[in-house]
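Containing compact mmCIF, C-alpha atoms and all ligand atoms: query19.txt.
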# COMPACT_ATOMS: atom_id res chain seq x y z
CA MET W 1 0.00 0.00 0.00
CA MET W 2 1.24 3.47 -0.81
CA LEU W 3 1.42 5.43 2.40
CA GLN W 4 0.39 9.03 2.22
CA LYS W 5 2.06 11.61 4.36
CA ALA W 6 0.71 12.32 7.81
CA HIS W 7 -0.32 15.90 8.48
CA LYS W 8 0.32 18.49 11.17
CA LEU W 9 -2.50 19.70 13.38
CA SER W 10 -2.08 23.24 12.11
CA GLU W 11 -3.04 22.02 8.63
CA TYR W 12 -6.51 21.14 9.96
CA GLU W 13 -7.06 24.59 11.43
CA PRO W 14 -8.55 26.15 8.27
CA ILE W 15 -11.06 23.28 8.17
CA VAL W 16 -12.09 22.82 11.79
CA GLY W 17 -11.12 26.17 13.32
CA GLN W 18 -8.56 27.21 15.91
CA GLN W 19 -10.87 26.38 18.82
CA VAL W 20 -10.83 22.68 18.03
CA ILE W 21 -7.04 22.66 17.83
CA ASP W 22 -6.82 24.57 21.14
CA ASP W 23 -9.25 22.15 22.78
CA LEU W 24 -7.17 19.20 21.68
CA HIS W 25 -4.10 20.79 23.29
CA THR W 26 -6.05 21.58 26.48
CA LEU W 27 -7.18 18.00 26.78
CA ALA W 28 -3.80 16.48 26.00
CA ASP W 29 -2.07 18.83 28.46
CA ASN W 30 -4.33 17.47 31.17
CA ILE W 31 -3.27 13.91 30.60
CA ASN W 32 -0.37 13.18 32.90
CA GLN W 33 0.14 9.60 31.83
CA LYS W 34 1.61 10.37 28.46
CA SER W 35 2.42 7.06 26.85
CA VAL W 36 -0.18 5.57 24.54
CA LEU W 37 0.13 2.39 22.57
CA HIS W 38 -2.19 1.25 19.80
CA VAL W 39 -2.15 -2.43 18.93
CA ASN W 40 -3.80 -4.03 15.91
CA SER W 41 -2.97 -6.80 13.50
CA THR W 42 -1.89 -5.01 10.34
CA LYS W 43 0.08 -1.91 9.35
CA SER W 44 -1.52 -1.63 5.95
CA GLY W 45 -4.87 -2.27 4.38
CA GLY W 46 -8.19 -1.57 5.99
CA GLY W 47 -9.64 1.40 7.73
CA VAL W 48 -8.10 0.71 11.14
CA ALA W 49 -4.55 0.93 9.83
CA GLU W 50 -5.38 3.95 7.74
CA ILE W 51 -6.73 5.91 10.68
CA LEU W 52 -3.88 4.87 13.00
CA PHE W 53 -1.35 5.98 10.44
CA ARG W 54 -2.81 9.46 10.78
CA LEU W 55 -3.83 9.51 14.43
CA VAL W 56 -0.57 8.39 16.01
CA PRO W 57 1.52 11.33 14.68
CA LEU W 58 -1.23 13.76 15.76
CA MET W 59 -1.18 12.32 19.29
CA ASN W 60 2.59 12.78 19.37
CA GLU W 61 2.26 16.34 18.18
CA LEU W 62 -0.04 16.92 21.16
CA GLY W 63 2.77 15.91 23.50
CA LEU W 64 1.69 12.36 24.11
CA ASN W 65 4.17 9.59 23.60
CA ALA W 66 2.15 7.54 21.14
CA SER W 67 3.21 4.46 19.27
CA TRP W 68 1.70 1.66 17.27
CA GLU W 69 2.54 -2.04 17.32
CA ILE W 70 1.11 -4.98 15.49
CA ILE W 71 0.74 -8.50 16.76
CA LYS W 72 2.17 -11.29 14.64
CA GLY W 73 -0.11 -13.67 12.86
CA ASP W 74 0.20 -16.61 10.53
CA GLN W 75 -2.20 -18.23 8.12
CA LEU W 76 -3.94 -20.38 10.73
CA PHE W 77 -4.31 -17.49 13.14
CA PHE W 78 -5.74 -15.17 10.49
CA GLU W 79 -8.07 -17.93 9.30
CA ALA W 80 -9.30 -18.15 12.88
CA THR W 81 -9.71 -14.40 13.31
CA LYS W 82 -11.43 -14.03 9.90
CA THR W 83 -13.84 -16.78 10.95
CA PHE W 84 -14.41 -14.96 14.26
CA HIS W 85 -15.00 -11.71 12.37
CA ASN W 86 -17.65 -13.33 10.16
CA ALA W 87 -19.23 -15.17 13.09
CA LEU W 88 -19.43 -11.95 15.11
CA GLN W 89 -20.96 -9.95 12.27
CA THR W 90 -23.37 -12.57 10.91
CA GLY W 91 -24.27 -14.58 14.01
CA MET W 92 -23.43 -17.80 12.18
CA LYS W 93 -21.89 -20.69 14.13
CA ILE W 94 -19.00 -21.21 11.75
CA ALA W 95 -16.08 -21.27 14.17
CA LYS W 96 -14.43 -24.66 14.69
CA PRO W 97 -12.64 -25.88 17.82
CA GLN W 98 -9.26 -25.50 16.07
CA ASN W 99 -10.00 -21.80 15.43
CA PHE W 100 -10.21 -21.22 19.19
CA GLU W 101 -7.03 -23.25 19.74
CA GLU W 102 -5.15 -21.30 17.06
CA PHE W 103 -6.27 -18.01 18.57
CA GLU W 104 -4.94 -19.05 21.97
CA ARG W 105 -1.71 -20.47 20.54
CA LYS W 106 -0.77 -17.32 18.67
CA THR W 107 -1.92 -15.11 21.53
CA THR W 108 0.50 -16.95 23.84
CA GLU W 109 3.35 -16.31 21.37
CA ASN W 110 2.46 -12.64 21.05
CA LEU W 111 2.26 -12.29 24.83
CA ARG W 112 5.82 -13.57 24.96
CA ASP W 113 7.15 -11.42 22.09
CA LEU W 114 5.43 -8.06 22.54
CA ARG W 115 5.97 -6.15 25.79
CA ILE W 116 3.24 -3.65 26.55
CA ASP W 117 3.99 -1.09 29.20
CA ALA W 118 2.32 2.08 27.98
CA ASP W 119 0.07 4.03 30.33
CA THR W 120 -2.90 3.73 27.97
CA VAL W 121 -3.31 0.80 25.63
CA PHE W 122 -5.81 0.76 22.76
CA ILE W 123 -6.38 -2.78 21.53
CA HIS W 124 -8.12 -2.67 18.16
CA ASP W 125 -10.63 -5.39 17.28
CA PRO W 126 -10.69 -9.04 18.35
CA GLN W 127 -7.34 -10.19 16.92
CA PRO W 128 -5.10 -8.76 19.68
CA ALA W 129 -7.71 -8.93 22.49
CA GLY W 130 -5.76 -11.68 24.27
CA MET W 131 -2.91 -9.23 24.94
CA ILE W 132 -4.89 -8.12 27.98
CA ALA W 133 -3.26 -11.04 29.84
CA GLN W 134 -0.13 -8.91 29.93
CA ARG W 135 -1.73 -6.30 32.09
CA LYS W 136 0.34 -6.00 35.22
CA GLN W 137 -1.29 -6.83 38.54
CA GLY W 138 -2.18 -3.61 40.37
CA SER W 139 -0.73 -1.46 37.55
CA ASP W 140 -1.95 2.04 36.80
CA GLN W 141 -2.40 1.24 33.11
CA ARG W 142 -5.68 1.73 31.32
CA TRP W 143 -6.62 -0.85 28.71
CA ILE W 144 -9.29 0.00 26.15
CA TRP W 145 -10.83 -2.46 23.70
CA ARG W 146 -11.66 -0.53 20.54
CA CYS W 147 -14.17 -2.50 18.51
CA HIS W 148 -14.58 -1.47 14.87
CA ILE W 149 -17.08 -4.15 13.89
CA ASP W 150 -20.74 -4.85 14.49
CA VAL W 151 -21.02 -7.30 17.38
CA SER W 152 -24.68 -6.66 18.12
CA ASN W 153 -25.81 -10.12 16.92
CA PRO W 154 -22.76 -12.32 17.25
CA ALA W 155 -22.45 -16.09 17.16
CA SER W 156 -22.72 -16.88 20.86
CA ASP W 157 -19.75 -19.28 20.99
CA VAL W 158 -17.30 -16.71 19.61
CA TRP W 159 -18.72 -13.86 21.64
CA THR W 160 -18.60 -15.84 24.90
CA PHE W 161 -15.01 -16.78 24.17
CA LEU W 162 -14.06 -13.18 23.38
CA ALA W 163 -15.99 -11.63 26.26
CA LYS W 164 -13.69 -13.48 28.70
CA TYR W 165 -10.91 -11.20 27.47
CA ILE W 166 -12.94 -8.06 26.95
CA ASN W 167 -14.35 -7.97 30.46
CA LYS W 168 -10.79 -7.60 31.75
CA PHE W 169 -10.37 -4.25 29.98
CA ASP W 170 -11.13 -0.92 31.67
CA ALA W 171 -13.48 0.12 28.89
CA SER W 172 -14.66 -0.62 25.38
CA ILE W 173 -15.40 1.66 22.44
CA PHE W 174 -17.97 0.98 19.71
CA SER W 175 -18.62 2.79 16.43
CA ALA W 176 -22.42 3.07 16.54
CA PRO W 177 -24.90 2.97 19.45
CA GLN W 178 -26.62 -0.18 18.23
CA PHE W 179 -23.29 -2.06 18.15
CA GLY W 180 -22.98 -1.83 21.93
CA ARG W 181 -23.61 -4.81 24.19
CA ASN W 182 -25.77 -5.17 27.28
CA ASP W 183 -23.78 -8.12 28.59
CA LEU W 184 -20.41 -6.43 29.12
CA GLN W 185 -19.31 -5.58 32.64
CA ILE W 186 -17.10 -2.68 31.57
CA PRO W 187 -18.00 0.87 30.48
CA GLN W 188 -18.82 1.30 26.81
CA PHE W 189 -18.06 4.48 24.87
CA LEU W 190 -19.39 5.54 21.50
CA VAL W 191 -16.77 6.86 19.08
CA PRO W 192 -17.79 6.74 15.41
CA PRO W 193 -15.04 6.51 12.81
CA SER W 194 -13.90 9.51 10.85
CA ILE W 195 -12.38 10.61 7.58
CA ASP W 196 -9.30 12.68 7.03
CA PRO W 197 -10.11 15.77 4.96
CA LEU W 198 -6.46 16.09 3.92
CA ALA W 199 -6.11 12.53 2.65
CA ASP W 200 -5.95 11.84 -1.09
CA LYS W 201 -9.42 10.30 -0.85
CA ASN W 202 -10.92 13.57 0.36
CA ARG W 203 -8.74 16.55 -0.48
CA GLU W 204 -9.71 19.16 -3.03
CA LEU W 205 -8.77 18.25 -6.60
CA PRO W 206 -8.12 20.35 -9.69
CA GLN W 207 -10.94 20.10 -12.27
CA THR W 208 -8.38 19.09 -14.90
CA TYR W 209 -7.62 15.92 -12.92
CA ILE W 210 -11.33 15.15 -12.43
CA ASP W 211 -11.87 15.55 -16.18
CA ARG W 212 -8.97 13.21 -16.89
CA VAL W 213 -10.52 10.52 -14.70
CA LEU W 214 -13.89 10.98 -16.40
CA SER W 215 -12.36 10.52 -19.82
CA LYS W 216 -10.24 7.58 -18.64
CA TYR W 217 -13.46 5.77 -17.74
CA ALA W 218 -15.30 7.05 -20.84
CA LEU W 219 -17.90 8.90 -18.78
CA ASN W 220 -20.09 11.57 -20.28
CA ALA W 221 -19.52 14.75 -18.30
CA GLU W 222 -22.57 16.40 -19.88
CA LYS W 223 -25.17 14.17 -18.24
CA PRO W 224 -25.99 13.93 -14.52
CA LEU W 225 -23.81 11.27 -12.95
CA ILE W 226 -25.08 8.97 -10.23
CA THR W 227 -22.39 7.01 -8.43
CA GLN W 228 -21.97 4.26 -5.88
CA ILE W 229 -18.44 3.35 -4.81
CA SER W 230 -18.38 0.02 -3.02
CA ARG W 231 -16.82 -3.37 -2.89
CA PHE W 232 -18.87 -5.81 -4.98
CA ASP W 233 -20.80 -7.18 -2.05
CA TYR W 234 -24.48 -8.15 -1.64
CA ALA W 235 -24.60 -5.99 1.51
CA LYS W 236 -24.10 -2.92 -0.71
CA ASP W 237 -27.07 -3.93 -2.90
CA PRO W 238 -25.53 -3.13 -6.32
CA ILE W 239 -28.37 -4.88 -8.13
CA GLY W 240 -30.86 -2.71 -6.25
CA VAL W 241 -28.88 0.32 -7.39
CA ILE W 242 -29.17 -0.75 -11.01
CA GLU W 243 -32.91 -1.41 -10.66
CA ALA W 244 -33.45 2.01 -9.10
CA PHE W 245 -31.38 3.66 -11.82
CA LYS W 246 -33.39 1.92 -14.54
CA LEU W 247 -36.59 3.35 -13.08
CA VAL W 248 -35.21 6.88 -13.03
CA SER W 249 -33.54 6.77 -16.42
CA LYS W 250 -36.93 6.13 -18.06
CA HIS W 251 -37.72 9.75 -17.24
CA ILE W 252 -34.39 11.57 -17.03
CA GLU W 253 -31.27 10.99 -19.05
CA CYS W 254 -28.42 10.25 -16.70
CA GLU W 255 -25.47 7.92 -16.20
CA LEU W 256 -24.72 5.40 -13.47
CA VAL W 257 -21.30 4.45 -12.16
CA LEU W 258 -20.91 1.42 -9.95
CA GLY W 259 -17.26 1.43 -9.04
CA GLY W 260 -15.37 -0.89 -6.78
CA SER W 261 -12.49 -3.20 -6.34
CA LEU W 262 -12.44 -6.93 -6.56
CA ALA W 263 -10.24 -8.76 -4.08
CA ASP W 264 -8.69 -11.97 -5.48
CA ASP W 265 -9.40 -13.77 -2.25
CA ASP W 266 -13.11 -12.95 -2.16
CA PRO W 267 -14.99 -15.48 -4.30
CA GLU W 268 -18.29 -13.82 -3.45
CA GLY W 269 -16.99 -10.57 -4.94
CA LEU W 270 -16.55 -12.26 -8.32
CA GLU W 271 -20.02 -13.74 -8.15
CA VAL W 272 -21.58 -10.37 -7.28
CA HIS W 273 -19.58 -8.66 -10.02
CA SER W 274 -20.81 -11.06 -12.69
CA LYS W 275 -24.41 -10.65 -11.54
CA VAL W 276 -23.96 -6.88 -11.71
CA LEU W 277 -22.58 -7.13 -15.25
CA LYS W 278 -25.58 -9.21 -16.24
CA ALA W 279 -28.02 -6.73 -14.70
CA ALA W 280 -26.33 -3.92 -16.68
CA GLU W 281 -26.19 -5.84 -19.98
CA GLY W 282 -26.97 -3.79 -23.05
CA ARG W 283 -26.97 -0.50 -21.16
CA LYS W 284 -24.54 2.14 -22.37
CA ASP W 285 -25.58 4.44 -19.55
CA ILE W 286 -24.50 2.01 -16.80
CA HIS W 287 -20.76 1.85 -16.15
CA ILE W 288 -19.41 -0.97 -14.04
CA LEU W 289 -15.88 0.06 -13.15
CA LEU W 290 -13.26 -2.18 -11.67
CA ILE W 291 -11.11 0.15 -9.65
CA PRO W 292 -7.74 -1.16 -8.48
CA PRO W 293 -7.10 -1.02 -4.72
CA PHE W 294 -5.55 2.18 -3.38
CA SER W 295 -6.96 4.37 -6.17
CA ASP W 296 -7.79 7.07 -3.66
CA LEU W 297 -7.37 10.02 -6.01
CA GLU W 298 -9.52 8.39 -8.69
CA ILE W 299 -12.27 7.59 -6.21
CA ASN W 300 -12.10 11.14 -4.95
CA ALA W 301 -12.44 12.40 -8.54
CA LEU W 302 -15.41 10.12 -9.31
CA GLN W 303 -17.17 11.26 -6.14
CA ARG W 304 -16.50 14.91 -6.95
CA ALA W 305 -17.77 14.49 -10.52
CA SER W 306 -21.07 13.01 -9.31
CA THR W 307 -24.43 14.74 -9.24
CA ILE W 308 -25.81 12.30 -6.66
CA ILE W 309 -24.04 9.64 -4.62
CA LEU W 310 -25.77 6.44 -3.58
CA GLN W 311 -24.88 4.03 -0.81
CA LYS W 312 -27.84 1.73 -1.01
CA SER W 313 -26.50 -0.73 1.56
CA VAL W 314 -28.81 -3.23 3.19
CA LYS W 315 -26.20 -3.97 5.88
CA GLU W 316 -23.40 -1.62 6.80
CA GLY W 317 -20.77 -1.02 9.43
CA PHE W 318 -20.28 2.72 9.59
CA GLY W 319 -20.27 3.47 5.87
CA LEU W 320 -17.19 5.60 5.29
CA THR W 321 -18.20 6.21 1.69
CA VAL W 322 -21.16 8.20 2.98
CA ALA W 323 -18.93 10.54 5.01
CA GLU W 324 -16.58 10.85 2.03
CA ALA W 325 -19.45 11.84 -0.26
CA LEU W 326 -21.05 14.24 2.21
CA TRP W 327 -17.69 15.92 2.76
CA LYS W 328 -17.66 16.69 -0.95
CA SER W 329 -21.04 18.42 -0.52
CA LYS W 330 -22.81 15.76 -2.52
CA PRO W 331 -26.48 14.86 -1.98
CA VAL W 332 -26.42 11.29 -0.72
CA ILE W 333 -29.19 8.69 -0.87
CA ALA W 334 -28.36 5.76 1.36
CA GLY W 335 -29.78 2.68 3.08
CA ALA W 336 -31.03 3.26 6.62
CA THR W 337 -28.65 0.76 8.17
CA GLY W 338 -25.60 0.54 10.45
CA GLY W 339 -23.84 3.85 10.98
CA ILE W 340 -25.52 5.57 8.01
CA PRO W 341 -28.37 7.16 10.04
CA LEU W 342 -25.69 8.71 12.29
CA GLN W 343 -24.43 10.56 9.23
CA ILE W 344 -27.66 11.32 7.40
CA LYS W 345 -30.60 13.01 9.05
CA ASN W 346 -33.35 12.23 6.59
CA GLY W 347 -34.30 15.24 4.51
CA LEU W 348 -31.68 17.43 6.13
CA SER W 349 -28.28 16.04 5.23
CA GLY W 350 -29.35 13.44 2.67
CA TYR W 351 -32.07 10.83 2.23
CA LEU W 352 -32.42 7.49 3.96
CA VAL W 353 -34.13 4.78 1.94
CA HIS W 354 -35.36 1.24 2.51
CA THR W 355 -36.35 0.10 -0.99
CA VAL W 356 -35.42 0.29 -4.66
CA GLU W 357 -38.51 2.41 -5.29
CA GLY W 358 -37.57 4.74 -2.45
CA ALA W 359 -34.10 5.22 -3.89
CA ALA W 360 -35.53 5.84 -7.37
CA TYR W 361 -38.06 8.35 -6.06
CA ARG W 362 -35.37 10.32 -4.23
CA MET W 363 -33.02 10.26 -7.22
CA HIS W 364 -35.75 11.54 -9.50
CA TYR W 365 -36.68 14.26 -7.01
CA LEU W 366 -33.09 15.46 -6.58
CA LEU W 367 -32.38 15.49 -10.30
CA ARG W 368 -35.47 17.65 -10.78
CA ASN W 369 -34.65 19.87 -7.79
CA PRO W 370 -30.97 20.81 -7.92
CA ASP W 371 -31.49 23.53 -5.30
CA VAL W 372 -32.64 20.90 -2.77
CA ALA W 373 -29.71 18.68 -3.78
CA ALA W 374 -27.30 21.56 -3.16
CA ARG W 375 -28.84 22.28 0.26
CA LEU W 376 -28.60 18.65 1.36
CA GLY W 377 -24.99 18.62 0.22
CA ARG W 378 -24.18 21.77 2.17
CA TYR W 379 -25.75 20.44 5.38
CA GLY W 380 -24.13 17.07 4.83
CA ARG W 381 -20.69 18.64 4.62
CA GLU W 382 -21.25 20.64 7.81
CA ASN W 383 -22.44 17.53 9.62
CA VAL W 384 -19.24 15.77 8.61
CA ARG W 385 -17.14 18.79 9.59
CA GLU W 386 -18.77 18.77 13.01
CA ASN W 387 -18.87 15.06 13.69
CA PHE W 388 -16.90 12.82 11.38
CA LEU W 389 -13.46 14.33 10.82
CA ILE W 390 -10.30 12.88 12.28
CA THR W 391 -9.93 15.76 14.75
CA ARG W 392 -13.23 14.77 16.39
CA GLN W 393 -12.10 11.16 16.68
CA LEU W 394 -8.83 12.30 18.23
CA MET W 395 -10.78 14.47 20.65
CA ASP W 396 -13.02 11.54 21.60
CA TYR W 397 -10.05 9.28 22.25
CA LEU W 398 -8.54 11.93 24.51
CA LEU W 399 -11.87 12.32 26.30
CA VAL W 400 -12.04 8.59 26.90
CA MET W 401 -8.48 8.62 28.26
CA VAL W 402 -9.27 11.55 30.51
CA SER W 403 -12.53 10.12 31.74
CA LEU W 404 -10.84 6.86 32.66
CA ARG W 405 -8.25 8.76 34.68
CA ARG W 406 -9.44 11.88 36.32
CA LYS W 407 -12.93 12.41 37.52
CA GLU W 408 -11.78 15.74 38.93
CA LEU W 409 -11.20 17.03 35.39
CA ALA W 410 -14.93 17.22 34.79
CA PRO W 411 -15.28 20.86 35.93
CA ILE W 412 -12.35 21.95 33.72
CA LEU W 413 -13.91 20.26 30.73
CA ALA W 414 -17.32 21.73 31.49
CA SER W 415 -15.95 25.28 31.48
CA SER W 416 -13.60 24.87 28.53
CA GLY W 417 -16.24 24.98 25.82
CA LEU W 418 -15.35 21.42 24.91
CA PRO W 419 -18.23 19.22 23.86
CA LYS W 420 -19.95 17.70 26.86
CA LYS W 421 -19.15 14.09 27.36
CA SER W 422 -22.77 13.20 26.75
CA ASP W 423 -22.72 14.99 23.39
CA ARG W 424 -19.80 13.13 22.01
CA VAL W 425 -19.02 10.05 23.98
CA GLN W 426 -21.35 8.12 26.18
N1 LIG U 501 -13.11 1.91 -1.32
C1 LIG U 501 -12.00 1.93 -2.12
N2 LIG U 501 -12.05 1.26 -3.29
C2 LIG U 501 -13.15 0.57 -3.68
C3 LIG U 501 -14.29 0.56 -2.85
C4 LIG U 501 -14.24 1.24 -1.66
O1 LIG U 501 -10.99 2.55 -1.78
O2 LIG U 501 -13.13 -0.02 -4.75
C5 LIG U 501 -13.03 2.64 -0.05
C6 LIG U 501 -14.13 3.65 0.18
O3 LIG U 501 -13.80 4.90 -0.43
C7 LIG U 501 -14.15 3.70 1.71
C8 LIG U 501 -13.81 2.28 2.09
O4 LIG U 501 -13.13 1.71 0.99
O5 LIG U 501 -13.14 4.55 2.20
C9 LIG U 501 -15.04 1.43 2.37
O6 LIG U 501 -15.50 1.70 3.64
P1 LIG U 501 -17.02 1.56 3.99
O7 LIG U 501 -17.13 1.82 5.45
O8 LIG U 501 -17.85 2.43 3.09
O9 LIG U 501 -17.40 0.05 3.62
P2 LIG U 501 -16.68 -1.37 3.88
O10 LIG U 501 -15.99 -1.72 2.59
O11 LIG U 501 -15.73 -1.18 5.03
O12 LIG U 501 -17.84 -2.29 4.16

Could you write out this file's structure as structure tokens?
Amino acid sequence: MMLQKAHKLSEYEPIVGQQVIDDLHTLADNINQKSVLHVNSTKSGGGVAEILFRLVPLMNELGLNASWEIIKGDQLFFEATKTFHNALQTGMKIAKPQNFEEFERKTTENLRDLRIDADTVFIHDPQPAGMIAQRKQGSDQRWIWRCHIDVSNPASDVWTFLAKYINKFDASIFSAPQFGRNDLQIPQFLVPPSIDPLADKNRELPQTYIDRVLSKYALNAEKPLITQISRFDYAKDPIGVIEAFKLVSKHIECELVLGGSLADDDPEGLEVHSKVLKAAEGRKDIHILLIPPFSDLEINALQRASTIILQKSVKEGFGLTVAEALWKSKPVIAGATGGIPLQIKNGLSGYLVHTVEGAAYRMHYLLRNPDVAARLGRYGRENVRENFLITRQLMDYLLVMVSLRRKELAPILASSGLPKKSDRVQ
């Protein structure tokens, strides 16, 4: 993966304002236990690594001593953790006894090889959860389990196994309120993910570059462009997108782009892709684009060139593509699932839909009412500025750290103009 450069806090000031930067410093200055360690299972690929790559330098700039380690895995371990991941998200009893054994075996090795002595430890997702065994008896450390996946309806065997570890942490963090659990004995915080406005995926682009991308993919810049960027996955309902588009295009000439990557190791992706191709057969106005991984600038350009962006998911984690589209002031029509309703207030910062017909109706309406589309886009961008940028996520992590340390800081926070804990983190 091509790593992009990390940014300085001052570079975010024109976007989020000086107050936010000052608040971050105020909070960080009040944390006496300065060392912070993030642990996950990969340095590249996936949203967790991407956000850590940007967050860790920002924490250091704030005077914390932040670092990032990965646990080691091998094929059997990652098979086990992938199975756990699927079992946790789908509720299916697919884990085998050897998956649990492999998890424990590799955890024991990692416990031996990786020494964790930071004041605050963020353990990301289930893979490294077993590292909690290294917590020193009577130590002043704080261990936080940061869960990025939906564990609201997990397979009970995997969840019971995992909960043994998780209940030993000081706190957990989930990405959406409905992902929380009522059977954990530790505090649970809500910290939704975020996007980085300075990243290649989101930064401003020259129109000449956008035009180049349009002509590379043979897209007609004269007609309204409707776009969904997603992996080829049933959960993203690409067939539903095509059906909705077909309804609208009977009345208004427009073009559809369904763009996404195809991972070699995802057989379902291939199957979905071929069904999508079939559904689009014979249609010159439907463009199914295979976008290579790490094409952040191209995805940015396609989003920016769009008149409307769809994310018609039927199941979703947070839905980063929604935040990315809203940040570009695009009117977004998206499935009312997962973290999407956190980002879209229906009729104010986009439209939430439940059906193909609903999506088609909203598309038609927005194409006929560009002033409404522009207003939704404007509100959507402000909602992202306020709630889903990396500076807010950094602030929330600091708030969690503070709240796990110093109850006496509450009055300082209350008078500092910082968001109240109940506004941001609960
Ligand atoms: N994405 C990408 N290339 C693709 C499809 C998606 O880079 O071909 C990006 C997309 O811009 C977003 C992320 O991958 O940043 C997908 O995150 P999201 O939460 O929307 O869905 P997930 O794929 O995690 O279910």

### Shell of 10 Å around W:Gln207, all atoms listed in the file, local chain residues under 3 positions omitted, as a PyMOL selection string
chain W and resi 204+210-213+301+304-305

What does the file look like for those residues with C-alpha atoms, as a CSV table (one decimal), in the frame of the given file?
chain,number,residue,atom,x,y,z
W,204,GLU,CA,-9.7,19.2,-3.0
W,210,ILE,CA,-11.3,15.2,-12.4
W,211,ASP,CA,-11.9,15.6,-16.2
W,212,ARG,CA,-9.0,13.2,-16.9
W,213,VAL,CA,-10.5,10.5,-14.7
W,301,ALA,CA,-12.4,12.4,-8.5
W,304,ARG,CA,-16.5,14.9,-7.0
W,305,ALA,CA,-17.8,14.5,-10.5

### Message
Neighbouring residues of ligand LIG 501 (chain U) are defined here as those with any atom at most 8 Å from a ligand atom, counting all atoms listed in the file; list them as a ChimeraX atom specification.
### Response
/W:46-47,201,229-231,236,259-262,290-296,299-300,316-322,324

Please produce, as a tab-separated table, a per-residue contact table for stretch 296-392 of chain W versus stretch 183-196 of chain W (criterion: any atom at most 7 Å away, only C-alpha atoms considered), showing the nearest atom pair and its distance in Å to one decimal, sorted by chain then residue number.
residue	atom	partner	partner_atom	distance
W:Glu324	CA	W:Ile195	CA	7.0
W:Phe388	CA	W:Ser194	CA	4.5
W:Leu389	CA	W:Ser194	CA	4.8
W:Ile390	CA	W:Ser194	CA	5.1

### Task
Find the residue from W:Tyr234, W:Arg378, W:Glu253, W:Ala323 that sits nearest to W:Leu270; use only C-alpha atoms when measuring.
W:Tyr234

Proximity of stretch 188-241 of chain W to stretch 347-364 of chain W: per-residue shortest pair, 12 Å limit, only C-alpha atoms, as JSON lines:
{"residue": "W:Pro224", "atom": "CA", "partner": "W:Met363", "partner_atom": "CA", "distance": 10.8}
{"residue": "W:Leu225", "atom": "CA", "partner": "W:Met363", "partner_atom": "CA", "distance": 10.9}
{"residue": "W:Ile226", "atom": "CA", "partner": "W:Met363", "partner_atom": "CA", "distance": 8.6}
{"residue": "W:Thr227", "atom": "CA", "partner": "W:Met363", "partner_atom": "CA", "distance": 11.2}
{"residue": "W:Asp237", "atom": "CA", "partner": "W:Val356", "partner_atom": "CA", "distance": 9.5}
{"residue": "W:Pro238", "atom": "CA", "partner": "W:Val356", "partner_atom": "CA", "distance": 10.6}
{"residue": "W:Ile239", "atom": "CA", "partner": "W:Val356", "partner_atom": "CA", "distance": 9.4}
{"residue": "W:Gly240", "atom": "CA", "partner": "W:Val356", "partner_atom": "CA", "distance": 5.7}
{"residue": "W:Val241", "atom": "CA", "partner": "W:Val356", "partner_atom": "CA", "distance": 7.1}

### Pairwise distance for atom CA of W:Lys312 and atom CA of W:Ala279, rounded to one decimal in Å
16.1 Å

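For the pair atom CA of W:Gln75 and atom CA of W:Ala95, the interatomic distance is 15.4 Å.
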
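Computed from the coordinates, the atom CA of W:Leu55 to atom CA of W:Gly138 distance equals 29.1 Å.
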
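Of the listed residues (W:Arg368, W:Arg105, W:Ile31, W:Glu382), W:Ile31 comes nearest to W:Leu404; the distances count only C-alpha atoms.
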
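Look at W:Arg115: the protein and nucleic acid residues within 12 Å of it, using all atoms listed in the file and passing over chain neighbours fewer than 5 places away, are Leu37, Val39, Glu69, Ile70, Ile71, Glu109, Asn110, Val121, Met131, Ile132, Ala133, Gln134, Arg135 and Lys136 of chain W.
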
### Task
Have a look at W:Pro177, W:Pro14, W:Gly380, W:Gly63 and name the one nearest to W:Leu27; count all atoms listed in the file.
W:Gly63

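Among the candidate residues W:Thr42, W:Val158, W:Thr90, W:Ile288, the one lying nearest to W:Ala218 is W:Ile288, with distances computed using only C-alpha atoms.
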
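Neighbouring residues of W:His287 at 9 Å or closer, counting all atoms listed in the file and skipping chain neighbours under 4 positions away, are Tyr217, Ala218, Leu219, Glu255, Leu256, Val257, Leu258, Gly259, Ala280 and Arg283 of chain W.
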
### Message
Given the point (-7.2, -1.1, 19.7) in the coordinates of this file, which residues lie within 10 Å, counting only C-alpha atoms, and how would they look as a PyMOL selection string?
### Response
chain W and resi 37-41+48+52+68+121-129+143-148+172-173

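For W:His25, the non-local neighbours within 12 Å, defined as residues at least 3 positions apart in the same chain or in other chains and counting all atoms listed in the file, are Leu9, Ser10, Gln18, Gln19, Val20, Ile21, Asp22, Ala28, Asp29, Asn30, Ile31, Leu58, Met59, Asn60, Glu61, Leu62, Gly63, Leu64, Thr391, Leu394, Met395, Leu398, Leu399, Ser416 and Leu418 of chain W.
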
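Distances here use all atoms listed in the file; by that measure, the residue among W:Phe245, W:Trp327, W:Ile333, W:Thr120 closest to W:Asn383 is W:Trp327.
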
Each side padded by 4 Å, which centre and which edge lengths in Å (one decimal) define the axis-aligned box around the listed atoms of stretch 250-264 of chain W? Give them as lines of an AutoDock Vina configuration file.
center_x = -23.2
center_y = -0.2
center_z = -11.6
size_x = 37.0
size_y = 31.5
size_z = 23.0

### Query
Excluding same-chain residues fewer than 6 positions from W:Asn32, what lies within 10 Å of it counting all atoms listed in the file, as a list of chain:residue names?
W:Leu64, W:Asp119, W:Val402, W:Arg405, W:Arg406

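Comparing the minimum interatomic distances between W:Lys93 and each of W:Phe78, W:Phe53, W:Tyr365, W:Trp159, counting only C-alpha atoms, we find that W:Trp159 sits nearest.
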